[in-house]
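File shown: final_13.tsv. Contents: TSV, C-alpha atoms.
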chain	number	residue	atom	x	y	z
W	1	MET	CA	86.46	9.50	7.81
W	2	LYS	CA	84.66	8.97	4.55
W	3	LEU	CA	83.20	5.55	3.93
W	4	PRO	CA	83.18	3.95	0.43
W	5	PHE	CA	79.40	4.29	0.38
W	6	GLU	CA	76.93	5.96	2.66
W	7	ILE	CA	73.31	5.09	3.39
W	8	LYS	CA	71.52	8.29	4.15
W	9	MET	CA	68.15	8.14	5.86
W	10	PRO	CA	65.54	10.53	4.41
W	11	ASP	CA	64.67	13.62	6.32
W	12	LEU	CA	61.31	12.67	7.84
W	13	SER	CA	60.54	16.21	8.84
W	14	GLU	CA	60.56	17.27	5.19
W	15	ASN	CA	58.21	14.47	4.01
W	16	ARG	CA	55.86	14.17	6.97
W	17	ASN	CA	52.75	15.37	5.06
W	18	ILE	CA	53.39	12.94	2.21
W	19	ILE	CA	53.75	10.03	4.64
W	20	ILE	CA	50.57	10.94	6.52
W	21	ILE	CA	48.52	11.20	3.30
W	22	ALA	CA	49.88	7.91	1.98
W	23	ALA	CA	49.10	6.13	5.24
W	24	ALA	CA	45.57	7.55	5.30
W	25	CYS	CA	44.94	6.41	1.71
W	26	LEU	CA	46.19	2.93	2.52
W	27	LEU	CA	43.89	2.78	5.57
W	28	VAL	CA	40.87	3.84	3.48
W	29	ILE	CA	41.65	1.22	0.82
W	30	ILE	CA	41.93	-1.52	3.45
W	31	LEU	CA	38.67	-0.40	5.07
W	32	LEU	CA	36.84	-0.41	1.72
W	33	VAL	CA	38.10	-3.91	0.93
W	34	VAL	CA	36.84	-5.19	4.30
W	35	LEU	CA	33.42	-3.50	3.95
W	36	ILE	CA	32.88	-4.80	0.41
W	37	ALA	CA	33.97	-8.31	1.38
W	38	THR	CA	31.54	-8.40	4.30
W	39	GLY	CA	28.71	-6.99	2.20
W	40	ALA	CA	28.39	-3.87	4.36
W	41	ILE	CA	28.50	-1.70	1.25
W	42	SER	CA	27.92	-2.36	-2.43
W	43	PHE	CA	28.12	-0.41	-5.64
W	44	GLY	CA	24.83	-0.36	-7.56
W	45	GLY	CA	22.02	-2.90	-7.21
W	46	GLN	CA	20.66	-3.66	-3.77
W	47	ARG	CA	21.25	-1.34	-0.83
W	48	ASP	CA	22.00	-2.83	2.56
W	49	ALA	CA	18.84	-3.47	4.57
W	50	ASP	CA	20.21	-1.54	7.55
W	51	ALA	CA	21.45	1.41	5.51
W	52	GLY	CA	19.96	4.75	6.42
W	53	PRO	CA	17.99	6.91	3.99
W	54	ASP	CA	19.68	8.93	1.29
W	55	THR	CA	19.06	12.39	2.73
W	56	ASP	CA	20.63	14.15	-0.26
W	57	ARG	CA	18.37	12.63	-2.89
W	58	LYS	CA	15.68	14.90	-4.30
W	59	GLY	CA	12.60	14.09	-6.34
W	60	ASP	CA	12.81	14.87	-10.04
W	61	THR	CA	9.40	16.58	-9.95
W	62	VAL	CA	7.59	18.51	-7.22
W	63	PHE	CA	4.08	19.80	-7.86
W	64	TYR	CA	1.37	21.35	-5.74
W	65	TYR	CA	-2.35	20.83	-5.47
W	66	GLU	CA	-5.13	22.58	-3.64
W	67	THR	CA	-6.75	20.43	-0.98
W	68	GLY	CA	-8.86	21.00	2.06
W	69	SER	CA	-8.67	19.00	5.25
W	70	ARG	CA	-8.45	15.19	5.43
W	71	ALA	CA	-7.03	14.55	1.97
W	72	VAL	CA	-6.95	10.97	0.63
W	73	PHE	CA	-5.14	9.72	-2.47
W	74	GLY	CA	-5.41	7.03	-5.13
W	75	ASP	CA	-3.66	5.80	-8.27
W	76	LEU	CA	-5.90	6.03	-11.32
W	77	ASN	CA	-4.25	4.54	-14.42
W	78	GLY	CA	-0.87	5.92	-13.36
W	79	ARG	CA	-2.34	9.30	-12.52
W	80	LEU	CA	-3.00	10.87	-9.13
W	81	MET	CA	-6.49	11.17	-7.66
W	82	VAL	CA	-6.90	13.49	-4.66
W	83	ALA	CA	-10.12	13.80	-2.64
W	84	SER	CA	-10.55	16.24	0.23
W	85	SER	CA	-13.09	18.53	1.86
W	86	LEU	CA	-12.84	20.75	-1.25
W	87	GLY	CA	-13.76	18.00	-3.70
W	88	ALA	CA	-11.88	15.65	-6.02
W	89	SER	CA	-9.00	16.47	-8.37
W	90	PHE	CA	-7.21	14.41	-11.00
W	91	TYR	CA	-3.56	15.03	-12.00
W	92	ASN	CA	-1.05	13.66	-14.45
W	93	ARG	CA	2.19	12.42	-12.86
W	94	ASP	CA	3.99	15.60	-13.98
W	95	GLY	CA	1.52	17.64	-11.91
W	96	SER	CA	-0.65	18.96	-14.72
W	97	GLU	CA	-4.31	18.99	-13.74
W	98	VAL	CA	-6.77	16.89	-15.73
W	99	PHE	CA	-9.91	18.10	-14.01
W	100	THR	CA	-11.36	19.21	-10.67
W	101	SER	CA	-14.82	18.40	-9.32
W	102	VAL	CA	-16.24	20.63	-6.61
W	103	ARG	CA	-17.95	18.10	-4.35
W	104	PRO	CA	-17.25	19.18	-0.73
W	105	MET	CA	-17.00	16.18	1.60
W	106	ASP	CA	-16.21	16.42	5.30
W	107	TRP	CA	-14.70	12.92	5.58
W	108	PRO	CA	-13.85	11.71	2.04
W	109	VAL	CA	-12.93	8.11	1.23
W	110	LEU	CA	-11.40	6.91	-2.03
W	111	SER	CA	-11.08	3.48	-3.65
W	112	THR	CA	-9.72	2.59	-7.09
W	113	GLY	CA	-9.99	-0.33	-9.51
W	114	GLY	CA	-10.61	-1.09	-13.16
W	115	GLY	CA	-9.49	2.34	-14.35
W	116	LYS	CA	-11.96	4.12	-12.07
W	117	ALA	CA	-12.01	5.78	-8.66
W	118	ALA	CA	-14.95	5.75	-6.26
W	119	VAL	CA	-15.23	8.73	-3.93
W	120	TRP	CA	-17.71	9.07	-1.10
W	121	GLU	CA	-18.26	10.72	2.25
W	122	THR	CA	-18.04	8.62	5.39
W	123	GLY	CA	-21.53	8.35	6.85
W	124	GLY	CA	-22.89	10.60	4.09
W	125	ASP	CA	-24.98	10.20	0.96
W	126	LYS	CA	-22.64	11.80	-1.61
W	127	PHE	CA	-21.10	9.30	-4.01
W	128	MET	CA	-19.39	9.44	-7.40
W	129	THR	CA	-17.08	7.44	-9.63
W	130	VAL	CA	-14.44	9.01	-11.84
W	131	ASP	CA	-12.49	7.73	-14.84
W	132	SER	CA	-9.89	9.31	-17.11
W	133	GLY	CA	-12.65	11.19	-18.93
W	134	GLY	CA	-14.14	12.84	-15.84
W	135	ILE	CA	-17.11	12.03	-13.64
W	136	ASP	CA	-18.59	8.67	-14.62
W	137	MET	CA	-21.34	8.37	-11.98
W	138	ASP	CA	-22.68	11.03	-9.63
W	139	MET	CA	-25.47	10.27	-7.19
W	140	LYS	CA	-27.04	10.99	-3.86
W	141	THR	CA	-27.69	7.63	-2.22
W	142	GLU	CA	-30.94	6.85	-0.43
W	143	SER	CA	-29.06	6.10	2.80
W	144	PRO	CA	-25.52	6.67	4.14
W	145	VAL	CA	-22.63	4.91	2.39
W	146	ILE	CA	-20.76	2.24	4.36
W	147	THR	CA	-18.05	1.49	1.79
W	148	ALA	CA	-17.50	0.74	-1.90
W	149	SER	CA	-15.15	-1.33	-4.04
W	150	LEU	CA	-14.31	-1.66	-7.74
W	151	ASN	CA	-13.04	-4.79	-9.47
W	152	GLU	CA	-10.56	-4.81	-12.34
W	153	LYS	CA	-13.39	-4.65	-14.89
W	154	GLY	CA	-14.76	-1.43	-13.38
W	155	TRP	CA	-17.82	-3.04	-11.76
W	156	LEU	CA	-18.89	-1.49	-8.48
W	157	CYS	CA	-20.07	-2.93	-5.16
W	158	LEU	CA	-21.77	-0.12	-3.25
W	159	CYS	CA	-22.58	-0.86	0.41
W	160	THR	CA	-25.14	1.36	2.12
W	161	GLU	CA	-27.12	1.41	5.33
W	162	ASP	CA	-30.82	0.47	5.42
W	163	SER	CA	-33.56	1.17	7.93
W	164	ALA	CA	-35.07	-2.32	7.69
W	165	TYR	CA	-31.91	-4.43	7.22
W	166	TYR	CA	-28.32	-4.54	8.41
W	167	GLY	CA	-27.16	-3.09	5.12
W	168	VAL	CA	-27.59	-3.32	1.33
W	169	VAL	CA	-25.12	-4.19	-1.44
W	170	THR	CA	-25.90	-2.84	-4.90
W	171	VAL	CA	-23.76	-4.06	-7.80
W	172	TYR	CA	-23.34	-1.75	-10.81
W	173	ASN	CA	-21.78	-2.80	-14.10
W	174	ASP	CA	-19.05	-0.79	-15.84
W	175	LYS	CA	-21.74	1.35	-17.49
W	176	GLY	CA	-23.26	2.36	-14.16
W	177	VAL	CA	-26.35	0.17	-14.50
W	178	ALA	CA	-27.54	-1.68	-11.38
W	179	GLU	CA	-27.27	-5.45	-11.91
W	180	TYR	CA	-27.86	-6.96	-8.47
W	181	LYS	CA	-29.04	-6.03	-4.97
W	182	TRP	CA	-28.53	-7.96	-1.74
W	183	TYR	CA	-30.00	-7.20	1.69
W	184	SER	CA	-28.29	-8.34	4.88
W	185	GLY	CA	-30.81	-9.84	7.29
W	186	ASN	CA	-28.22	-11.44	9.58
W	187	GLY	CA	-25.09	-9.49	10.49
W	188	TYR	CA	-23.98	-5.90	10.01
W	189	LEU	CA	-22.70	-5.26	6.51
W	190	MET	CA	-19.00	-4.35	6.53
W	191	ASN	CA	-17.77	-4.81	2.96
W	192	ALA	CA	-18.41	-6.59	-0.34
W	193	LYS	CA	-16.08	-7.55	-3.18
W	194	LEU	CA	-16.85	-8.71	-6.70
W	195	ALA	CA	-14.55	-11.15	-8.48
W	196	ASP	CA	-13.01	-10.08	-11.78
W	197	ASN	CA	-15.28	-12.56	-13.58
W	198	CYS	CA	-18.15	-10.20	-12.61
W	199	LYS	CA	-20.18	-13.22	-11.46
W	200	ASP	CA	-19.08	-14.09	-7.91
W	201	MET	CA	-19.53	-11.82	-4.89
W	202	ALA	CA	-18.21	-12.15	-1.32
W	203	VAL	CA	-19.90	-10.19	1.45
W	204	LEU	CA	-18.29	-9.53	4.84
W	205	THR	CA	-20.61	-9.17	7.84
W	206	LEU	CA	-20.15	-8.75	11.58
W	207	ASN	CA	-22.41	-10.25	14.24
W	208	THR	CA	-22.31	-10.83	18.00
W	209	GLU	CA	-20.36	-14.09	17.60
W	210	GLY	CA	-17.68	-12.76	15.23
W	211	SER	CA	-17.22	-12.32	11.49
W	212	ALA	CA	-18.84	-14.12	8.57
W	213	ILE	CA	-18.27	-14.20	4.81
W	214	VAL	CA	-21.25	-15.03	2.60
W	215	TYR	CA	-20.91	-15.92	-1.10
W	216	TYR	CA	-23.42	-15.19	-3.86
W	217	LYS	CA	-23.62	-15.40	-7.64
W	218	LEU	CA	-25.14	-12.50	-9.52
W	219	ASP	CA	-27.52	-14.79	-11.40
W	220	SER	CA	-28.99	-16.30	-8.23
W	221	GLU	CA	-30.60	-15.19	-4.98
W	222	GLU	CA	-29.41	-18.34	-3.22
W	223	GLU	CA	-26.50	-18.28	-0.80
W	224	GLN	CA	-23.63	-20.28	-2.34
W	225	ALA	CA	-21.41	-20.74	0.72
W	226	ARG	CA	-20.67	-19.29	4.15
W	227	PHE	CA	-17.47	-19.08	6.22
W	228	GLU	CA	-17.74	-18.02	9.86
W	229	LEU	CA	-15.06	-17.03	12.38
W	230	ASP	CA	-16.29	-16.87	15.95
W	231	GLY	CA	-14.53	-14.41	18.18
W	232	GLU	CA	-12.33	-13.06	15.39
W	233	LEU	CA	-12.48	-9.76	13.55
W	234	ILE	CA	-11.97	-9.88	9.77
W	235	ILE	CA	-10.41	-6.62	8.66
W	236	ASP	CA	-10.48	-6.95	4.87
W	237	ILE	CA	-11.09	-9.36	1.98
W	238	CYS	CA	-9.81	-9.47	-1.59
W	239	TYR	CA	-10.24	-11.83	-4.54
W	240	THR	CA	-7.00	-13.32	-5.83
W	241	SER	CA	-6.11	-13.70	-9.50
W	242	ALA	CA	-6.98	-17.42	-9.18
W	243	GLY	CA	-10.51	-16.60	-7.96
W	244	ASP	CA	-9.89	-17.53	-4.32
W	245	LEU	CA	-10.53	-15.09	-1.48
W	246	ALA	CA	-7.76	-13.61	0.67
W	247	VAL	CA	-9.12	-12.97	4.16
W	248	LEU	CA	-7.13	-10.82	6.57
W	249	SER	CA	-7.99	-10.75	10.26
W	250	ASN	CA	-6.25	-9.13	13.19
W	251	ASN	CA	-4.00	-12.19	13.69
W	252	CYS	CA	-4.14	-14.33	10.54
W	253	LEU	CA	-4.16	-14.38	6.72
W	254	ARG	CA	-6.35	-17.07	5.17
W	255	ILE	CA	-6.97	-18.14	1.59
W	256	LEU	CA	-10.49	-19.49	1.04
W	257	SER	CA	-12.19	-21.26	-1.81
W	258	GLY	CA	-15.81	-20.73	-0.84
W	259	ASP	CA	-16.11	-22.13	2.68
W	260	THR	CA	-12.98	-24.29	2.28
W	261	LEU	CA	-9.76	-23.17	3.94
W	262	LYS	CA	-6.90	-23.66	1.45
W	263	ALA	CA	-4.02	-21.97	3.29
W	264	LYS	CA	-3.32	-20.05	6.48
W	265	PHE	CA	-0.56	-17.90	8.01
W	266	ASP	CA	-0.81	-16.99	11.71
W	267	PHE	CA	0.75	-14.05	13.53
W	268	PRO	CA	-1.05	-14.36	16.91
W	269	SER	CA	1.68	-12.81	19.06
W	270	GLN	CA	1.98	-9.72	16.88
W	271	HIS	CA	-0.29	-6.77	16.11
W	272	LEU	CA	-1.29	-6.11	12.51
W	273	GLY	CA	-0.34	-2.68	11.26
W	274	ALA	CA	-0.21	-1.55	7.64
W	275	TYR	CA	-1.02	-4.01	4.85
W	276	ALA	CA	-1.63	-4.17	1.11
W	277	PHE	CA	-3.18	-6.75	-1.22
W	278	ALA	CA	-1.22	-7.12	-4.47
W	279	ASP	CA	-1.41	-9.24	-7.61
W	280	GLY	CA	-0.34	-12.71	-6.44
W	281	TYR	CA	0.78	-11.74	-2.95
W	282	THR	CA	-0.05	-9.83	0.24
W	283	VAL	CA	2.21	-7.51	2.23
W	284	ILE	CA	1.74	-7.08	5.99
W	285	PHE	CA	3.57	-5.26	8.76
W	286	CYS	CA	3.22	-6.67	12.27
W	287	ASN	CA	4.30	-4.87	15.44
W	288	GLU	CA	5.83	-6.80	18.29
W	289	SER	CA	3.66	-4.81	20.69
W	290	GLN	CA	0.71	-2.52	20.15
W	291	PHE	CA	2.59	0.59	21.24
W	292	GLY	CA	6.15	-0.51	20.42
W	293	ASN	CA	8.44	0.61	17.65
W	294	GLY	CA	9.53	-1.90	15.02
W	295	GLY	CA	8.29	-5.25	13.79
W	296	SER	CA	8.18	-7.64	10.83
W	297	LEU	CA	7.53	-6.74	7.20
W	298	ILE	CA	6.33	-9.90	5.41
W	299	THR	CA	5.26	-10.80	1.88
W	300	LEU	CA	3.09	-13.91	1.42
W	301	ASN	CA	2.00	-15.57	-1.81
W	302	ASP	CA	-1.55	-16.76	-2.48
W	303	SER	CA	-0.70	-20.04	-0.75
W	304	CYS	CA	0.31	-18.17	2.43
W	305	GLU	CA	3.95	-19.09	1.89
W	306	VAL	CA	6.53	-16.52	2.98
W	307	ILE	CA	8.22	-14.83	0.01
W	308	GLY	CA	10.22	-12.33	2.03
W	309	LEU	CA	10.64	-11.24	5.65
W	310	VAL	CA	12.53	-8.25	7.05
W	311	GLU	CA	12.82	-7.27	10.70
W	312	LEU	CA	12.62	-3.50	11.07
W	313	GLY	CA	13.47	-1.23	13.97
W	314	LYS	CA	10.80	1.27	12.97
W	315	ASN	CA	7.08	1.18	12.32
W	316	VAL	CA	5.61	1.17	8.82
W	317	ASP	CA	2.81	3.68	8.29
W	318	VAL	CA	1.88	2.96	4.65
W	319	ILE	CA	2.52	0.10	2.22
W	320	ALA	CA	2.09	0.57	-1.54
W	321	THR	CA	2.62	-1.93	-4.37
W	322	CYS	CA	2.70	-2.10	-8.15
W	323	GLY	CA	3.48	-5.40	-9.85
W	324	SER	CA	6.46	-6.90	-8.04
W	325	ARG	CA	7.51	-3.58	-6.47
W	326	VAL	CA	6.83	-2.77	-2.82
W	327	ALA	CA	7.33	0.58	-1.10
W	328	THR	CA	6.90	1.50	2.55
W	329	LEU	CA	6.57	4.83	4.33
W	330	SER	CA	7.99	5.30	7.83
W	331	ALA	CA	7.64	8.92	8.94
W	332	ASP	CA	9.26	10.79	5.99
W	333	VAL	CA	11.43	7.86	4.86
W	334	VAL	CA	10.47	5.82	1.78
W	335	THR	CA	12.03	2.38	1.29
W	336	GLU	CA	11.67	0.42	-1.94
W	337	TYR	CA	11.83	-3.39	-2.14
W	338	ASN	CA	11.14	-6.14	-4.59
W	339	ARG	CA	8.56	-8.82	-3.80
W	340	ALA	CA	11.16	-10.88	-1.91
W	341	LEU	CA	11.84	-7.75	0.22
W	342	ASP	CA	15.37	-7.20	-1.05
W	343	GLN	CA	15.91	-3.51	-0.41
W	344	LYS	CA	16.43	-1.54	-3.62
W	345	ASP	CA	16.37	2.07	-2.47
W	346	CYS	CA	15.83	4.24	0.58
W	347	TYR	CA	15.45	8.01	0.72
W	348	GLU	CA	14.05	10.82	2.81
W	349	THR	CA	11.30	13.04	1.45
W	350	ASP	CA	10.73	16.74	2.01
W	351	THR	CA	6.96	16.96	1.70
W	352	GLY	CA	5.77	16.00	5.19
W	353	THR	CA	4.70	12.78	3.50
W	354	ILE	CA	1.41	11.22	4.57
W	355	SER	CA	1.01	8.63	1.80
W	356	ILE	CA	2.82	7.07	-1.16
W	357	ILE	CA	1.86	5.62	-4.54
W	358	VAL	CA	4.00	3.27	-6.63
W	359	GLY	CA	3.53	3.93	-10.33
W	360	SER	CA	3.64	1.55	-13.26
W	361	ASP	CA	6.38	3.82	-14.71
W	362	LYS	CA	8.68	2.71	-11.83
W	363	SER	CA	8.33	6.04	-10.03
W	364	VAL	CA	7.13	6.66	-6.49
W	365	LEU	CA	4.95	9.62	-5.54
W	366	ALA	CA	5.52	10.90	-2.00
W	367	LEU	CA	2.32	12.72	-1.12
W	368	GLY	CA	2.03	15.54	1.35
W	369	LYS	CA	-1.00	17.59	2.32
W	370	TYR	CA	-0.42	20.19	-0.39
W	371	SER	CA	2.35	18.81	-2.61
W	372	ALA	CA	3.72	15.66	-4.23
W	373	GLU	CA	7.35	14.71	-4.84
W	374	ARG	CA	8.09	12.26	-7.64
W	375	PHE	CA	11.08	9.90	-7.24

The structure given in the file should be rewritten as structure tokens.
Amino acid sequence: MKLPFEIKMPDLSENRNIIIIAAACLLVIILLVVLIATGAISFGGQRDADAGPDTDRKGDTVFYYETGSRAVFGDLNGRLMVASSLGASFYNRDGSEVFTSVRPMDWPVLSTGGGKAAVWETGGDKFMTVDSGGIDMDMKTESPVITASLNEKGWLCLCTEDSAYYGVVTVYNDKGVAEYKWYSGNGYLMNAKLADNCKDMAVLTLNTEGSAIVYYKLDSEEEQARFELDGELIIDICYTSAGDLAVLSNNCLRILSGDTLKAKFDFPSQHLGAYAFADGYTVIFCNESQFGNGGSLITLNDSCEVIGLVELGKNVDVIATCGSRVATLSADVVTEYNRALDQKDCYETDTGTISIIVGSDKSVLALGKYSAERF
């Protein structure tokens, strides 16, 4: 019997593939909406802090350099300085070589500042400074070098051993002329820094009671101030842009004005790992345990106030900064942040990376033993 009208169901067997594809597309759309709404993914701008590295990303430039063993690296006016057992080499960021100096050093150390790089041999007497024009100062010191530092004006604090004292600091101006000499009669000389005004000097010493910082002016032989920390090891010091002194120990960051404590940030239950002093802030990574994996990455301003804090499940090997940009290296993974530690990028390198440099041109150099990859 024929009905006036007939509702005919579609033949599902003929349209099964179309239905499956449509259902899958709908599921993907729903999933994307949920992920975007929860902030799990985003398009452009900040990457999620827990996102893994971009393993497909490649550097826009890869170049090679000849180094010996124990290579160390530095940023010299946006260019790359490499020191190794073969000597020191200077490269543009595209990999073209500026010059090479054959100064074999078994254990080279490199420090930069004021458009110059200081290169010396640990426990040796070979020392030189380099600028964009080549070798600026080349000398054989009278006694082994302890360490050296350059301020932003290119003035040098050279710390050396001495047979009659606990160490000697010699200050050279930007022309390489000695301006001041200080002998440590109380405490082993560890480091010395000159303020950017080229007038004030802070000297770090170590004695049986702990660490001490002694202040001098280059126009006087009189001690200006002293700050002592009994039972505590000061790891590094750095003048801030305001002329105060940032003092980093194994469990605390302090800001000093002479012998006056202006600010303090404690991390007594954690172990200090990598760190970097930057313009207006300090970046530190603290492990939860000495041999554990993971910890806290923290940025602190010059008042020891927390700017940013990120808990990481991996250790940070190297921290590099330039302006407000921060980059970390964990194994072969580079992560880029801003000063507040909002993650901006994360990628895996192919160079067997041992160090990184953040450039003023917004690039990052991932440095391996024999090659550099520019991102």

### d(atom CA of W:Leu365, atom CA of W:Ala246) in Å
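Interatomic distance, atom CA of W:Leu365 to atom CA of W:Ala246: 27.2 Å.
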
### Exercise: stretch 349-361 of chain W partners within 8 Å, all atoms listed in the file, chain neighbours under 4 positions left out, as a VMD selection string
chain W and resid 55 58 to 59 73 to 75 78 318 to 323 325 to 329 331 to 334 365 to 369 371 to 373

### Query
So, counting all atoms listed in the file, which residue among W:Asn207, W:Gln270, W:Asn250, W:Ser89 is closest to W:Asp230?
W:Asn207

### Distance query W:Leu300 at most 10 Å, only C-alpha atoms, self and fewer than 5 positions along chain excluded, as a ChimeraX atom specification
/W:253,265,277-278,280-284,305-309,339-340

### Task
Please measure the separation of atom CA of W:Asn338 and atom CA of W:Val364, giving the value in Å to one decimal.
13.5 Å

So that I can see what lies close to W:Pro268, please list as a CSV table (one decimal) with C-alpha atoms, in the frame of the given file the residues with an atom at most 12 Å from it, counting all atoms listed in the file and leaving out residues fewer than 4 positions away in the same chain.
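What ended up in result00.csv:
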chain,number,residue,atom,x,y,z
W,232,GLU,CA,-12.3,-13.1,15.4
W,249,SER,CA,-8.0,-10.8,10.3
W,250,ASN,CA,-6.2,-9.1,13.2
W,251,ASN,CA,-4.0,-12.2,13.7
W,252,CYS,CA,-4.1,-14.3,10.5
W,253,LEU,CA,-4.2,-14.4,6.7
W,272,LEU,CA,-1.3,-6.1,12.5
W,286,CYS,CA,3.2,-6.7,12.3
W,287,ASN,CA,4.3,-4.9,15.4
W,288,GLU,CA,5.8,-6.8,18.3
W,289,SER,CA,3.7,-4.8,20.7

### d(atom CA of W:Ser184, atom CA of W:Ala164) in Å
9.5 Å

### Message
Restricting the calculation to all atoms listed in the file: of W:Gly210, W:Pro108, W:Pro144, W:Gly114, which residue gets closest to W:Asp196?
### Response
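Answer, going by the shortest atom-to-atom distance: W:Gly114.
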
### Summary
Using only C-alpha atoms, the best pick from W:Gly154, W:Glu311, W:Thr100, W:Asp106 as closest to W:Leu341 would be W:Glu311

#### Entry: Contacts of W:Asp162 within 12 Å, all atoms listed in the file, excl. fewer than 5 positions in-chain, as JSON, numbers by chain
{"W": [141, 142, 143, 144, 145, 146, 167, 168, 169, 170, 182, 183, 184, 185, 188, 189]}

### Message
Residues near W:Lys199, anyone? I mean within 12 Å using all atoms listed in the file, not counting same-chain ones fewer than 4 positions away, as a ChimeraX atom specification.
### Response
/W:151,153,155,171-173,179-180,193-195,215-220,243

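Checking W:Gly113, W:Gly68, W:Gly87, W:Gly95 one by one against W:Asp174, counting only C-alpha atoms, you find the shortest gap at W:Gly113.
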
### Task
Name the residues within 10 Å of (-12.0, 17.1, 2.6), counting only C-alpha atoms in the file's coordinates, and put them as an MDAnalysis selection string.
chainID W and resid 67:72 82:88 103:109 121

### Task
Pull the neighbourhood of (-7.5, -11.5, 5.0) for me: all residues within 7 Å in file coordinates, counting all atoms listed in the file, as a ChimeraX atom specification.
/W:234-237,246-249,253-254
